[in-house]
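Structure file run31.cif with mmCIF, C-alpha atoms:
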```cif
data_coords
loop_
_atom_site.label_atom_id
_atom_site.label_comp_id
_atom_site.auth_asym_id
_atom_site.auth_seq_id
_atom_site.Cartn_x
_atom_site.Cartn_y
_atom_site.Cartn_z
CA MET A 1 23.00 -1.53 -15.30
CA GLU A 2 25.09 -0.94 -12.19
CA ARG A 3 26.53 2.16 -13.74
CA MET A 4 23.01 3.48 -14.37
CA GLU A 5 21.98 2.78 -10.77
CA ALA A 6 25.16 4.40 -9.48
CA SER A 7 24.49 7.55 -11.45
CA ASP A 8 20.91 7.55 -10.19
CA ALA A 9 22.23 7.38 -6.63
CA GLU A 10 24.67 10.20 -7.32
CA ALA A 11 21.97 12.36 -8.83
CA ALA A 12 19.65 11.62 -5.91
CA ALA A 13 22.37 12.59 -3.43
CA ARG A 14 23.01 15.85 -5.27
CA ALA A 15 19.29 16.57 -5.52
CA ARG A 16 18.97 15.98 -1.78
CA ASP A 17 21.59 18.68 -1.30
CA GLY A 18 19.48 21.11 -3.29
CA ASP A 19 20.81 20.54 -6.81
CA THR A 20 17.65 20.98 -8.88
CA GLU A 21 19.50 20.13 -12.08
CA ALA A 22 20.32 16.70 -10.67
CA PHE A 23 16.66 16.12 -9.94
CA ARG A 24 15.81 17.17 -13.49
CA VAL A 25 18.08 14.39 -14.76
CA LEU A 26 16.19 11.86 -12.65
CA VAL A 27 12.82 13.17 -13.80
CA GLU A 28 13.75 13.04 -17.47
CA ARG A 29 15.28 9.60 -17.10
CA HIS A 30 12.39 7.95 -15.30
CA SER A 31 9.26 9.78 -16.49
CA ALA A 32 8.37 7.19 -19.12
CA LEU A 33 8.63 4.33 -16.63
CA VAL A 34 6.48 6.16 -14.10
CA PHE A 35 3.92 7.01 -16.76
CA ARG A 36 3.71 3.39 -17.87
CA VAL A 37 2.90 2.05 -14.43
CA ALA A 38 0.60 5.00 -13.70
CA TYR A 39 -1.34 4.44 -16.90
CA ARG A 40 -1.64 0.71 -16.37
CA LEU A 41 -2.98 1.34 -12.90
CA THR A 42 -5.33 4.23 -13.62
CA GLY A 43 -6.26 3.40 -17.24
CA ASN A 44 -6.51 7.10 -18.01
CA GLU A 45 -3.90 9.34 -19.65
CA ASP A 46 -4.76 12.51 -17.74
CA ASP A 47 -4.79 10.69 -14.42
CA ALA A 48 -1.51 9.00 -15.32
CA ASP A 49 0.10 12.35 -16.15
CA ASP A 50 -1.08 13.68 -12.79
CA VAL A 51 0.31 10.60 -11.05
CA VAL A 52 3.67 11.24 -12.72
CA GLN A 53 3.69 14.78 -11.32
CA GLU A 54 2.61 13.69 -7.86
CA THR A 55 5.16 10.86 -7.85
CA PHE A 56 8.08 13.19 -8.51
CA LEU A 57 6.78 15.81 -6.07
CA ARG A 58 6.48 13.16 -3.39
CA ALA A 59 9.89 11.72 -4.25
CA TYR A 60 11.47 15.17 -4.10
CA SER A 61 10.04 15.94 -0.69
CA ARG A 62 11.14 12.54 0.62
CA LEU A 63 14.61 12.26 -0.84
CA ASP A 64 15.94 11.88 2.67
CA LEU A 65 14.11 8.55 2.87
CA PHE A 66 15.87 7.19 -0.20
CA GLU A 67 18.74 4.90 0.74
CA ASP A 68 21.68 5.32 -1.60
CA ARG A 69 22.32 1.59 -1.86
CA ALA A 70 18.77 0.95 -3.10
CA SER A 71 17.60 1.22 -6.70
CA PHE A 72 16.18 4.68 -7.34
CA ALA A 73 13.94 3.28 -10.06
CA SER A 74 12.45 0.70 -7.68
CA TRP A 75 11.95 3.32 -4.99
CA LEU A 76 10.26 5.65 -7.45
CA TYR A 77 8.20 2.78 -8.77
CA ARG A 78 6.77 2.08 -5.31
CA ILE A 79 5.89 5.76 -4.86
CA ALA A 80 4.19 5.79 -8.27
CA ALA A 81 2.19 2.68 -7.41
CA ASN A 82 1.10 4.28 -4.15
CA CYS A 83 0.14 7.56 -5.85
CA ALA A 84 -1.88 5.71 -8.49
CA TYR A 85 -3.54 3.67 -5.76
CA ASP A 86 -4.56 6.94 -4.09
CA VAL A 87 -6.12 8.11 -7.36
CA LEU A 88 -8.07 4.86 -7.70
CA ARG A 89 -9.33 5.08 -4.12
CA ARG A 90 -10.40 8.69 -4.60
CA ARG A 91 -12.12 7.73 -7.83
CA ALA A 92 -13.92 4.86 -6.09
CA ARG A 93 -15.06 7.11 -3.23
CA HIS A 94 -16.28 9.70 -5.71
CA ALA A 95 -18.12 7.05 -7.73
CA LYS A 96 -19.69 5.64 -4.59
CA ARG A 97 -20.89 9.05 -3.53
CA PHE A 98 -22.50 9.95 -6.84
CA ALA A 99 -23.49 6.58 -8.33
CA PRO A 100 -27.11 5.40 -8.19
CA ALA A 101 -27.60 2.78 -5.50
CA ASP A 102 -28.50 0.02 -7.96
CA GLU A 103 -25.53 0.55 -10.27
CA VAL A 104 -23.61 -2.63 -11.12
CA GLU A 105 -20.29 -2.64 -9.28
CA ASP A 106 -18.61 -5.64 -10.79
CA GLY A 107 -17.27 -5.00 -14.29
CA ALA A 108 -17.40 -8.70 -15.07
CA ASP A 109 -21.16 -8.59 -14.76
CA ARG A 110 -21.44 -6.14 -17.64
CA PHE A 111 -20.79 -8.86 -20.19
CA ASP A 112 -23.95 -10.61 -21.15
CA SER A 113 -25.64 -12.03 -24.21
CA GLY A 114 -25.35 -8.68 -26.01
CA ASP A 115 -21.63 -9.13 -26.54
CA PRO A 116 -20.31 -10.01 -30.00
CA ALA A 117 -19.46 -13.64 -30.76
CA PRO A 118 -16.24 -14.94 -29.25
CA ASP A 119 -14.54 -15.78 -32.55
CA ARG A 120 -14.60 -12.10 -33.54
CA LEU A 121 -12.98 -11.05 -30.35
CA VAL A 122 -10.16 -13.40 -29.51
CA PHE A 123 -6.83 -11.60 -29.28
CA GLY A 124 -8.33 -8.49 -30.84
CA GLY A 125 -8.95 -4.99 -29.62
CA GLU A 126 -12.15 -6.16 -28.01
CA VAL A 127 -10.16 -8.29 -25.60
CA ARG A 128 -8.27 -5.23 -24.47
CA ARG A 129 -11.47 -3.25 -24.10
CA LYS A 130 -13.09 -6.04 -22.13
CA VAL A 131 -10.10 -6.24 -19.84
CA GLU A 132 -10.19 -2.48 -19.35
CA THR A 133 -13.88 -2.59 -18.55
CA VAL A 134 -13.40 -5.32 -15.98
CA LEU A 135 -10.51 -3.40 -14.45
CA GLU A 136 -12.73 -0.33 -14.18
CA GLY A 137 -15.20 -2.36 -12.15
CA MET A 138 -12.59 -3.55 -9.68
CA SER A 139 -11.86 -2.02 -6.31
CA ALA A 140 -8.72 0.09 -6.02
CA ALA A 141 -6.93 -2.69 -4.15
CA GLU A 142 -7.95 -5.40 -6.64
CA ARG A 143 -6.93 -3.40 -9.66
CA SER A 144 -3.66 -2.16 -8.19
CA ALA A 145 -2.57 -5.50 -6.80
CA PHE A 146 -3.47 -7.34 -9.99
CA VAL A 147 -1.82 -4.89 -12.38
CA LEU A 148 1.33 -4.69 -10.29
CA ARG A 149 1.54 -8.49 -10.14
CA HIS A 150 0.43 -9.35 -13.66
CA CYS A 151 1.76 -6.49 -15.77
CA GLU A 152 4.61 -5.11 -13.73
CA GLY A 153 5.91 -8.38 -12.30
CA MET A 154 6.15 -7.15 -8.73
CA SER A 155 6.11 -9.81 -6.02
CA ILE A 156 3.18 -10.02 -3.62
CA GLU A 157 5.45 -8.81 -0.84
CA GLU A 158 6.59 -5.79 -2.86
CA ILE A 159 3.00 -4.96 -3.76
CA GLY A 160 1.96 -5.12 -0.12
CA ASN A 161 4.78 -2.74 0.79
CA ALA A 162 3.91 -0.33 -2.01
CA LEU A 163 0.19 -0.25 -1.22
CA ASP A 164 0.41 -0.62 2.56
CA LEU A 165 -1.58 -3.85 2.45
CA ASP A 166 -0.70 -6.97 4.37
CA THR A 167 0.21 -10.12 2.46
CA SER A 168 -3.15 -11.76 2.95
CA ALA A 169 -5.07 -8.70 1.73
CA THR A 170 -2.75 -8.41 -1.26
CA LYS A 171 -3.22 -12.05 -2.21
CA HIS A 172 -6.98 -11.92 -1.87
CA SER A 173 -7.15 -8.75 -3.95
CA ILE A 174 -5.31 -10.58 -6.72
CA PHE A 175 -7.52 -13.67 -6.37
CA ARG A 176 -10.69 -11.57 -6.66
CA ALA A 177 -9.31 -9.67 -9.65
CA VAL A 178 -8.38 -12.89 -11.44
CA LYS A 179 -11.81 -14.35 -10.74
CA LYS A 180 -13.53 -11.30 -12.27
CA LEU A 181 -11.28 -11.35 -15.31
CA ARG A 182 -11.79 -15.06 -15.88
CA ARG A 183 -15.52 -14.66 -15.68
CA ALA A 184 -15.46 -11.96 -18.34
CA LEU A 185 -12.86 -13.58 -20.57
CA ALA A 186 -14.15 -17.15 -20.38
CA PRO A 187 -16.18 -16.91 -23.62
CA LEU A 188 -13.18 -15.50 -25.50
CA ALA A 189 -10.67 -18.18 -24.64
CA GLY A 190 -13.13 -21.04 -24.55
CA THR A 191 -12.63 -21.29 -20.81
CA THR A 192 -15.00 -21.67 -17.97
CA ALA A 193 -14.94 -19.34 -15.01
CA MET B 194 -1.77 -34.88 -2.70
CA LYS B 195 -5.20 -33.27 -2.74
CA HIS B 196 -6.37 -31.21 -5.71
CA LEU B 197 -4.99 -27.69 -6.11
CA ASP B 198 -7.53 -25.01 -5.30
CA PRO B 199 -8.09 -22.04 -7.66
CA ASP B 200 -6.10 -19.67 -5.45
CA ASP B 201 -3.14 -22.07 -5.43
CA LEU B 202 -3.28 -22.17 -9.22
CA VAL B 203 -3.15 -18.37 -9.36
CA LEU B 204 -0.10 -18.33 -7.07
CA LEU B 205 1.47 -21.07 -9.17
CA TYR B 206 0.87 -19.08 -12.36
CA TYR B 207 2.69 -16.11 -10.85
CA GLY B 208 5.48 -18.26 -9.41
CA GLU B 209 4.53 -17.48 -5.82
CA LEU B 210 3.18 -20.80 -4.58
CA PRO B 211 5.19 -22.26 -1.72
CA GLY B 212 5.99 -25.88 -2.57
CA ALA B 213 5.61 -25.22 -6.29
CA ASP B 214 7.62 -28.34 -7.21
CA GLU B 215 5.12 -30.54 -5.45
CA ALA B 216 2.27 -28.72 -7.17
CA GLN B 217 3.94 -29.12 -10.58
CA ALA B 218 4.36 -32.83 -9.93
CA HIS B 219 0.68 -33.03 -9.04
CA LEU B 220 -0.25 -31.26 -12.27
CA GLY B 221 1.71 -33.86 -14.17
CA ALA B 222 -0.28 -36.63 -12.56
CA CYS B 223 -3.74 -35.08 -12.28
CA PRO B 224 -5.61 -34.34 -15.55
CA GLU B 225 -8.32 -32.43 -13.68
CA CYS B 226 -5.95 -29.94 -12.06
CA ARG B 227 -3.90 -29.70 -15.24
CA ALA B 228 -7.02 -28.74 -17.18
CA SER B 229 -7.90 -26.09 -14.57
CA HIS B 230 -4.36 -24.75 -14.75
CA ASP B 231 -4.46 -24.61 -18.56
CA ARG B 232 -7.77 -22.73 -18.52
CA LEU B 233 -6.38 -20.20 -16.06
CA ARG B 234 -3.23 -19.76 -18.13
CA GLN B 235 -5.24 -19.26 -21.32
CA ALA B 236 -7.35 -16.60 -19.65
CA LEU B 237 -4.47 -14.71 -18.06
CA ASP B 238 -2.11 -14.96 -21.00
CA VAL B 239 -4.36 -12.72 -23.09
CA VAL B 240 -4.42 -9.97 -20.44
CA ALA B 241 -1.98 -7.28 -21.45
CA LEU B 242 -2.14 -3.58 -20.86
CA ASP B 243 -0.14 -1.29 -23.09
CA ALA B 244 0.49 2.31 -22.21
CA PRO B 245 0.14 4.87 -25.01
CA PRO B 246 3.47 6.23 -26.26
CA ARG B 247 4.58 9.56 -24.81
CA GLY B 248 7.37 10.54 -27.19
CA ASP B 249 11.04 11.14 -26.60
CA ASP B 250 10.47 14.58 -25.11
CA TYR B 251 8.05 13.34 -22.44
CA GLY B 252 10.62 13.64 -19.65
CA ARG B 253 11.32 17.23 -20.63
CA ARG B 254 7.60 18.07 -20.68
CA VAL B 255 7.15 16.47 -17.26
CA TRP B 256 10.01 18.57 -15.93
CA GLU B 257 8.61 21.80 -17.39
CA ARG B 258 5.35 21.22 -15.55
CA LEU B 259 7.05 20.01 -12.41
CA GLU B 260 9.78 22.60 -11.89
CA PRO B 261 7.54 25.53 -10.84
CA ARG B 262 5.78 23.24 -8.36
CA LEU B 263 9.07 22.23 -6.78
CA ALA B 264 9.88 25.88 -6.17
CA THR B 265 6.67 26.33 -4.18
CA GLY B 266 6.95 23.02 -2.33
CA ARG B 267 8.80 22.29 0.88
CA GLY B 268 12.06 21.44 -0.87
CA PRO B 269 14.12 18.30 -1.03
CA GLY B 270 14.07 16.08 2.01
CA ARG B 271 17.41 17.01 3.52
CA LEU B 272 17.16 20.78 3.35
CA ASP B 273 14.35 21.40 5.80
CA PRO B 274 15.89 21.43 9.30
CA ARG B 275 12.50 20.90 10.95
CA ARG B 276 11.91 17.83 8.81
CA ALA B 277 15.41 16.57 9.54
CA TRP B 278 14.73 16.99 13.26
CA ARG B 279 11.42 15.18 12.93
CA ARG B 280 13.14 12.43 11.01
CA ARG B 281 15.60 12.00 13.85
CA ALA B 282 12.70 12.06 16.30
CA ALA B 283 10.98 9.35 14.25
CA GLY B 284 14.19 7.36 14.41
CA PHE B 285 14.32 7.73 18.20
CA LEU B 286 10.66 6.71 18.45
CA ALA B 287 11.27 3.65 16.30
CA ILE B 288 14.40 2.75 18.28
CA ALA B 289 12.48 3.13 21.53
CA ALA B 290 9.70 0.95 20.15
CA ALA B 291 12.24 -1.61 18.93
CA LEU B 292 13.82 -1.72 22.39
CA VAL B 293 10.42 -2.38 23.91
CA VAL B 294 9.81 -5.13 21.34
CA ALA B 295 13.20 -6.70 22.05
CA PHE B 296 12.63 -6.48 25.78
CA VAL B 297 9.13 -7.92 25.74
CA VAL B 298 9.91 -10.63 23.20
CA GLY B 299 13.11 -11.45 25.06
CA ARG B 300 11.10 -11.93 28.25
CA LYS B 301 8.72 -14.20 26.38
CA THR B 302 11.33 -16.31 24.62
CA GLY B 303 14.55 -15.88 26.61
CA PRO B 304 16.40 -18.95 27.80
CA GLU B 305 15.96 -18.27 31.50
CA PRO B 306 12.45 -17.11 32.22
CA ALA B 307 12.43 -15.79 35.75
CA PRO B 308 8.77 -16.58 36.26
CA ARG B 309 6.58 -13.89 37.74
CA LEU B 310 8.90 -10.94 38.14
CA ALA B 311 10.31 -11.10 34.61
CA ALA B 312 6.91 -11.54 33.01
CA ALA B 313 5.44 -8.70 35.03
CA THR B 314 8.35 -6.41 34.12
CA GLY B 315 8.04 -7.19 30.42
CA GLU B 316 4.31 -6.61 30.54
CA ARG B 317 4.76 -3.34 32.40
CA VAL B 318 7.28 -2.06 29.82
CA LEU B 319 4.90 -2.91 27.00
CA LEU B 320 1.91 -1.36 28.75
CA VAL B 321 3.72 1.89 29.54
CA ALA B 322 5.03 2.20 25.97
CA VAL B 323 1.72 1.28 24.35
CA GLY B 324 -0.24 3.53 26.72
CA ASP B 325 1.91 6.48 25.72
CA HIS B 326 1.65 5.54 22.05
CA LEU B 327 -2.14 5.21 22.21
CA GLU B 328 -2.39 8.66 23.74
CA ARG B 329 -0.26 10.19 20.96
CA SER B 330 -2.36 8.34 18.40
CA ARG B 331 -5.61 9.49 20.02
CA VAL B 332 -4.51 13.12 19.77
CA ILE B 333 -3.63 12.95 16.08
CA LEU B 334 -6.78 10.97 15.25
CA MET B 335 -8.91 13.57 16.99
CA GLU B 336 -7.18 16.33 15.04
CA LEU B 337 -7.73 14.45 11.79
CA ALA B 338 -11.36 13.64 12.56
CA HIS B 339 -12.04 17.32 13.14
CA ALA B 340 -9.84 18.74 10.37
CA ASP B 341 -11.49 21.49 8.36
CA PRO B 342 -12.32 20.10 4.87
CA ASP B 343 -11.86 23.58 3.42
CA ASN B 344 -8.33 23.65 4.76
CA PRO B 345 -6.71 20.39 3.57
CA GLY B 346 -3.37 21.70 4.79
CA GLU B 347 -4.50 20.66 8.27
CA VAL B 348 -4.12 17.02 7.23
CA SER B 349 -0.97 17.49 5.14
CA ALA B 350 0.68 19.24 8.08
CA ARG B 351 0.25 16.09 10.14
CA ARG B 352 1.81 13.80 7.60
CA VAL B 353 5.27 13.73 9.12
CA ARG B 354 3.86 13.09 12.60
CA ALA B 355 1.75 10.28 11.15
CA GLU B 356 4.91 8.77 9.60
CA GLU B 357 6.66 8.87 12.96
CA LEU B 358 3.76 7.23 14.75
CA LEU B 359 3.32 4.67 11.99
CA ASP B 360 6.86 3.34 12.37
CA ALA B 361 6.45 3.00 16.13
CA SER B 362 2.94 1.57 15.83
CA ARG B 363 4.09 -1.30 13.61
CA LEU B 364 6.74 -2.29 16.13
CA TYR B 365 4.35 -2.09 19.09
CA ARG B 366 1.78 -4.16 17.20
CA ILE B 367 4.38 -6.86 16.48
CA SER B 368 5.39 -6.80 20.12
CA ALA B 369 1.77 -7.06 21.25
CA GLU B 370 1.08 -9.94 18.84
CA ARG B 371 4.09 -11.86 20.10
CA ALA B 372 3.09 -11.21 23.68
CA GLY B 373 -0.40 -12.59 22.95
CA GLU B 374 -2.04 -9.19 23.47
CA THR B 375 -4.57 -9.62 20.66
CA GLY B 376 -6.82 -6.75 21.74
CA ILE B 377 -3.98 -4.24 21.75
CA ALA B 378 -2.60 -5.60 18.46
CA SER B 379 -6.00 -5.29 16.80
CA VAL B 380 -6.49 -1.65 17.80
CA LEU B 381 -2.94 -0.78 16.79
CA GLY B 382 -3.61 -2.41 13.41
CA ASP B 383 -6.67 -0.18 12.94
CA VAL B 384 -4.66 2.89 13.93
CA GLU B 385 -1.91 1.91 11.50
CA ARG B 386 -4.27 1.89 8.54
CA VAL B 387 -5.30 5.51 9.15
CA LEU B 388 -1.75 6.63 9.89
CA ALA B 389 -0.53 4.95 6.69
CA GLU B 390 -3.20 6.76 4.71
CA VAL B 391 -2.21 10.13 6.15
CA ALA B 392 1.52 9.40 5.84
CA ASN B 393 1.05 8.56 2.16
CA ALA B 394 -1.45 11.30 1.41
CA PRO B 395 -0.68 13.48 -1.60
CA GLU B 396 0.48 17.05 -1.08
CA SER B 397 -2.76 18.40 -2.46
CA LEU B 398 -5.67 16.76 -0.65
CA SER B 399 -9.10 17.83 -1.80
CA PRO B 400 -11.83 18.91 0.67
CA PRO B 401 -13.84 15.69 -0.04
CA ASP B 402 -10.73 13.63 0.80
CA VAL B 403 -10.39 15.37 4.15
CA ARG B 404 -14.11 14.92 4.83
CA ASP B 405 -13.89 11.21 3.87
CA LEU B 406 -10.99 10.67 6.21
CA GLY B 407 -12.79 12.29 9.13
CA GLU B 408 -15.97 10.34 8.39
CA ARG B 409 -14.14 7.04 8.27
CA ILE B 410 -12.45 7.69 11.60
CA GLU B 411 -15.86 8.47 13.07
CA GLN B 412 -17.70 5.59 11.39
CA ASP B 413 -15.13 2.99 12.39
CA GLY B 414 -15.36 4.18 15.97
CA LEU B 415 -11.60 4.30 15.96
CA LEU B 416 -11.26 7.18 18.38
CA PHE B 417 -13.53 5.40 20.82
CA LYS B 418 -11.59 2.13 20.47
CA VAL B 419 -8.28 3.89 21.07
CA GLN B 420 -9.69 5.72 24.06
CA VAL B 421 -11.14 2.56 25.60
CA MET B 422 -7.95 0.59 24.98
CA GLY B 423 -5.93 3.42 26.50
CA LEU B 424 -8.09 3.29 29.64
CA GLN B 425 -7.77 -0.50 29.84
CA VAL B 426 -4.02 -0.27 29.49
CA GLN B 427 -3.88 2.32 32.28
CA ALA B 428 -6.03 0.09 34.48
CA ARG B 429 -3.68 -2.81 33.88
CA GLN B 430 -0.69 -0.65 34.72
CA ARG B 431 -2.35 0.22 38.04
CA ALA B 432 -3.23 -3.43 38.65
CA LEU B 433 0.35 -4.50 37.94
CA ARG B 434 1.59 -1.99 40.49
CA HIS B 435 -0.67 -3.77 42.97
CA GLY B 436 0.40 -7.22 41.79
CA ASN B 437 -2.68 -8.22 39.78
CA ALA B 438 -3.20 -8.02 36.02
CA GLY B 439 -4.70 -9.78 32.96
CA SER B 440 -4.48 -9.35 29.18
CA VAL B 441 -6.82 -7.21 27.10
CA SER B 442 -8.51 -9.11 24.33
#
```

Take the structure in this file and express it as structure tokens.
Amino acid sequence: MERMEASDAEAAARARDGDTEAFRVLVERHSALVFRVAYRLTGNEDDADDVVQETFLRAYSRLDLFEDRASFASWLYRIAANCAYDVLRRRARHAKRFAPADEVEDGADRFDSGDPAPDRLVFGGEVRRKVETVLEGMSAAERSAFVLRHCEGMSIEEIGNALDLDTSATKHSIFRAVKKLRRALAPLAGTTA
Amino acid sequence: MKHLDPDDLVLLYYGELPGADEAQAHLGACPECRASHDRLRQALDVVALDAPPRGDDYGRRVWERLEPRLATGRGPGRLDPRRAWRRRAAGFLAIAAALVVAFVVGRKTGPEPAPRLAAATGERVLLVAVGDHLERSRVILMELAHADPDNPGEVSARRVRAEELLDASRLYRISAERAGETGIASVLGDVERVLAEVANAPESLSPPDVRDLGERIEQDGLLFKVQVMGLQVQARQRALRHGNAGSVS
């Protein structure tokens, strides 16, 4: 693991000095990781591919900010989270501008008596779809903070740093996200919201 | 121990609750909280998000798309002498801000508070530094508020300056908070949010993004707040010179 990080640092140092080949190594090594977090955050393959591009462009132009002792993967990860967060905020602004005024904003509210019975859904593809639908209804901050905490295992402090949110805002984004998910998933797991 | 509230249970689930041992002990003794915790765990345990596979050649495909864009970009961080100079300037700004913070906080918490003179000197240092910083911030905010949406480069070009100001702004805000200057800290916090957005803006902003940014600066009345705070700070500087001042809140 240390060897991998060391070679990342070496490649980053060479890339900073203009060695494009060294940057190619970093791109090829970390693209899958960046795509994974980008997809989880945006929920859309095309957006995630764009986030991957933007992440590496941003990383390349800011290589001087990368500290050699740090983990390149973690640094890149934070940039990716921030890029994906930008996409979500742009998407939300666009939706706000063009959505009808009475459109439901909270994805959790879309689940009503029309849904299939719980026993057909538990642990199946429907659960995933329900989760995705709720995530779509969340604000950019809620979705990003929740996914980074729940799926990517980042600490609240790391999430705040990546998204430029203070600790309190990060926590409350996660609390709101969890509340929305619980409300939607309650019938599936036999829970109450 | 009182019952755990739902937010505490969420923090506990993610291993981020301060005093988790105490909370775990409470769960062992309280069936009500334990049931709430179990329901939360059941709900969250089923939430998983898989990413579709990209194949072994994904990295190569990413590079093929990326490489031509790198050639037209501004190059890796270290190669641009102007950027390197700005980076150094940002460092100087941050160091200057840190010195102000150390000075002001030192005056507030130092072991030998020399009553009026020391307090007045610390306040004057903070006011001069913040006054200058507010003026720099006002200029960039005005430029951003009036940026041409059809020329998003106007915002991107200010990214590095926003980064520089952001670093300094955070330090001044901390200093103001510690000095009990809540009004100044609040305005600096508002400024920080816009600066952070510009500093982290993508290379290719769209015209609607630029328009949104300008509208938000206008709607939040941020320029006005910065201007008013700048005037108040100047007034306090003048008052201090004449031996009479009060905090802005």

From the options B:Leu202, B:Ile333, B:Ala338, B:Leu415, which residue's atoms come nearest to chain A, counting only C-alpha atoms?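 So, comparing all the options, the nearest one is B:Leu202.
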
Which residue of B:Ala228, B:Ala389, B:Ala378, B:Ala340 approaches chain A most closely, using only C-alpha atoms: B:Ala389

What's around segment 66-75 of chain A at 8 Å? Count all atoms listed in the file, leave out sequence neighbours fewer than 4 positions away in its own chain, and write the answer as a PDB file with C-alpha atoms, in the coordinates of the input.
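Full text of selection-v2.pdb as output:
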```
ATOM      1  CA  GLU A   5      21.980   2.780 -10.770  1.00  0.00           C
ATOM      2  CA  ASP A   8      20.910   7.550 -10.190  1.00  0.00           C
ATOM      3  CA  ALA A   9      22.230   7.380  -6.630  1.00  0.00           C
ATOM      4  CA  ALA A  12      19.650  11.620  -5.910  1.00  0.00           C
ATOM      5  CA  ALA A  13      22.370  12.590  -3.430  1.00  0.00           C
ATOM      6  CA  HIS A  30      12.390   7.950 -15.300  1.00  0.00           C
ATOM      7  CA  ARG A  62      11.140  12.540   0.620  1.00  0.00           C
ATOM      8  CA  ILE A  79       5.890   5.760  -4.860  1.00  0.00           C
TER       9      ILE A  79
END
```

Within 8 Å of chain B, which residues of chain A show up when using all atoms listed in the file, listed as a ChimeraX atom specification? /A:15-18,24,27-32,35-36,39-40,52-54,56-58,60-65,82-83,86,90,123,127-128,131,149-151,155-156,164,175,178,181-182,185-186,189,191-192

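Going from atom CA of Leu26 of chain A to atom CA of Arg78 of chain A covers 15.4 Å.
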
Hey, can I get the axis-aligned box for segment 25-37 of chain A? All listed atoms, 3 Å padding on each side, centre and edge lengths in Å to one decimal, as lines of an AutoDock Vina configuration file.
```
center_x = 10.5
center_y = 8.2
center_z = -15.9
size_x = 21.2
size_y = 18.3
size_z = 12.5
```

Taking all atoms listed in the file into account, which of B:Ala218, B:Met422, B:Leu388, B:Leu319 comes nearest Gly376 of chain B?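 Smallest separation from Gly376 of chain B among the options: B:Met422.
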
Shortest contact to Val348 of chain B, candidates B:Arg331, B:Arg404, B:Arg434, B:His326, atoms counted all atoms listed in the file, goes to B:Arg404

Let me make sure I understand: among B:Leu334, B:Gly414, B:Val403, B:Gln427, which one has the smallest atom-to-atom distance to Ala322 of chain B if we use all atoms listed in the file?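 When distances to Ala322 of chain B are compared using all atoms listed in the file, the smallest one comes from B:Gln427.
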
Using all atoms listed in the file, which residue out of B:Gln420, B:Ser330, B:Gln412, B:Ser368 lies closest to Ala355 of chain B? B:Ser330

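Residues lying within 8 Å of Leu320 of chain B, counting only C-alpha atoms and ignoring same-chain neighbours fewer than 4 positions away, are Glu316, Gly324, Val426, Gln427, Arg429 and Gln430 of chain B.
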
Write out as a PyMOL selection string each polymer residue whose atoms come within 8 Å of Gly43 of chain A, counting all atoms listed in the file; drop sequence neighbours fewer than 5 positions from it. chain A and resi 38+48+132

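As for atom CA of Arg176 of chain A and atom CA of Asn44 of chain A, they are spaced 22.2 Å apart.
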
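Interatomic distance, atom CA of Ala177 of chain A to atom CA of Arg143 of chain A: 6.7 Å.
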
Select, counting all atoms listed in the file, all protein, DNA and RNA residues no farther than 10 Å from (-13.0, -1.0, -8.9) in file coordinates, and express the selection as a PyMOL selection string. chain A and resi 88-89+91-92+95+105-107+133-144+177

Would you kindly place N, CA and C atoms on segment 30-39 of chain A and return the model as a CSV table (one decimal), in the coordinates of the input?
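Below you can see out_16.csv, which holds the result:
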```csv
chain,number,residue,atom,x,y,z
A,30,HIS,N,13.3,9.0,-15.8
A,30,HIS,CA,12.4,8.0,-15.3
A,30,HIS,C,10.9,8.3,-15.6
A,31,SER,N,10.7,9.4,-16.3
A,31,SER,CA,9.3,9.8,-16.5
A,31,SER,C,8.5,8.7,-17.3
A,32,ALA,N,9.1,8.2,-18.3
A,32,ALA,CA,8.4,7.2,-19.1
A,32,ALA,C,8.0,5.9,-18.3
A,33,LEU,N,8.9,5.5,-17.5
A,33,LEU,CA,8.6,4.3,-16.6
A,33,LEU,C,7.5,4.6,-15.7
A,34,VAL,N,7.5,5.8,-15.1
A,34,VAL,CA,6.5,6.2,-14.1
A,34,VAL,C,5.1,6.3,-14.8
A,35,PHE,N,5.2,6.9,-16.0
A,35,PHE,CA,3.9,7.0,-16.8
A,35,PHE,C,3.3,5.6,-17.1
A,36,ARG,N,4.2,4.7,-17.5
A,36,ARG,CA,3.7,3.4,-17.9
A,36,ARG,C,3.0,2.7,-16.7
A,37,VAL,N,3.6,2.7,-15.5
A,37,VAL,CA,2.9,2.0,-14.4
A,37,VAL,C,1.7,2.8,-14.0
A,38,ALA,N,1.7,4.2,-14.1
A,38,ALA,CA,0.6,5.0,-13.7
A,38,ALA,C,-0.6,4.8,-14.6
A,39,TYR,N,-0.3,4.6,-15.9
A,39,TYR,CA,-1.3,4.4,-16.9
A,39,TYR,C,-2.0,3.1,-16.7
```
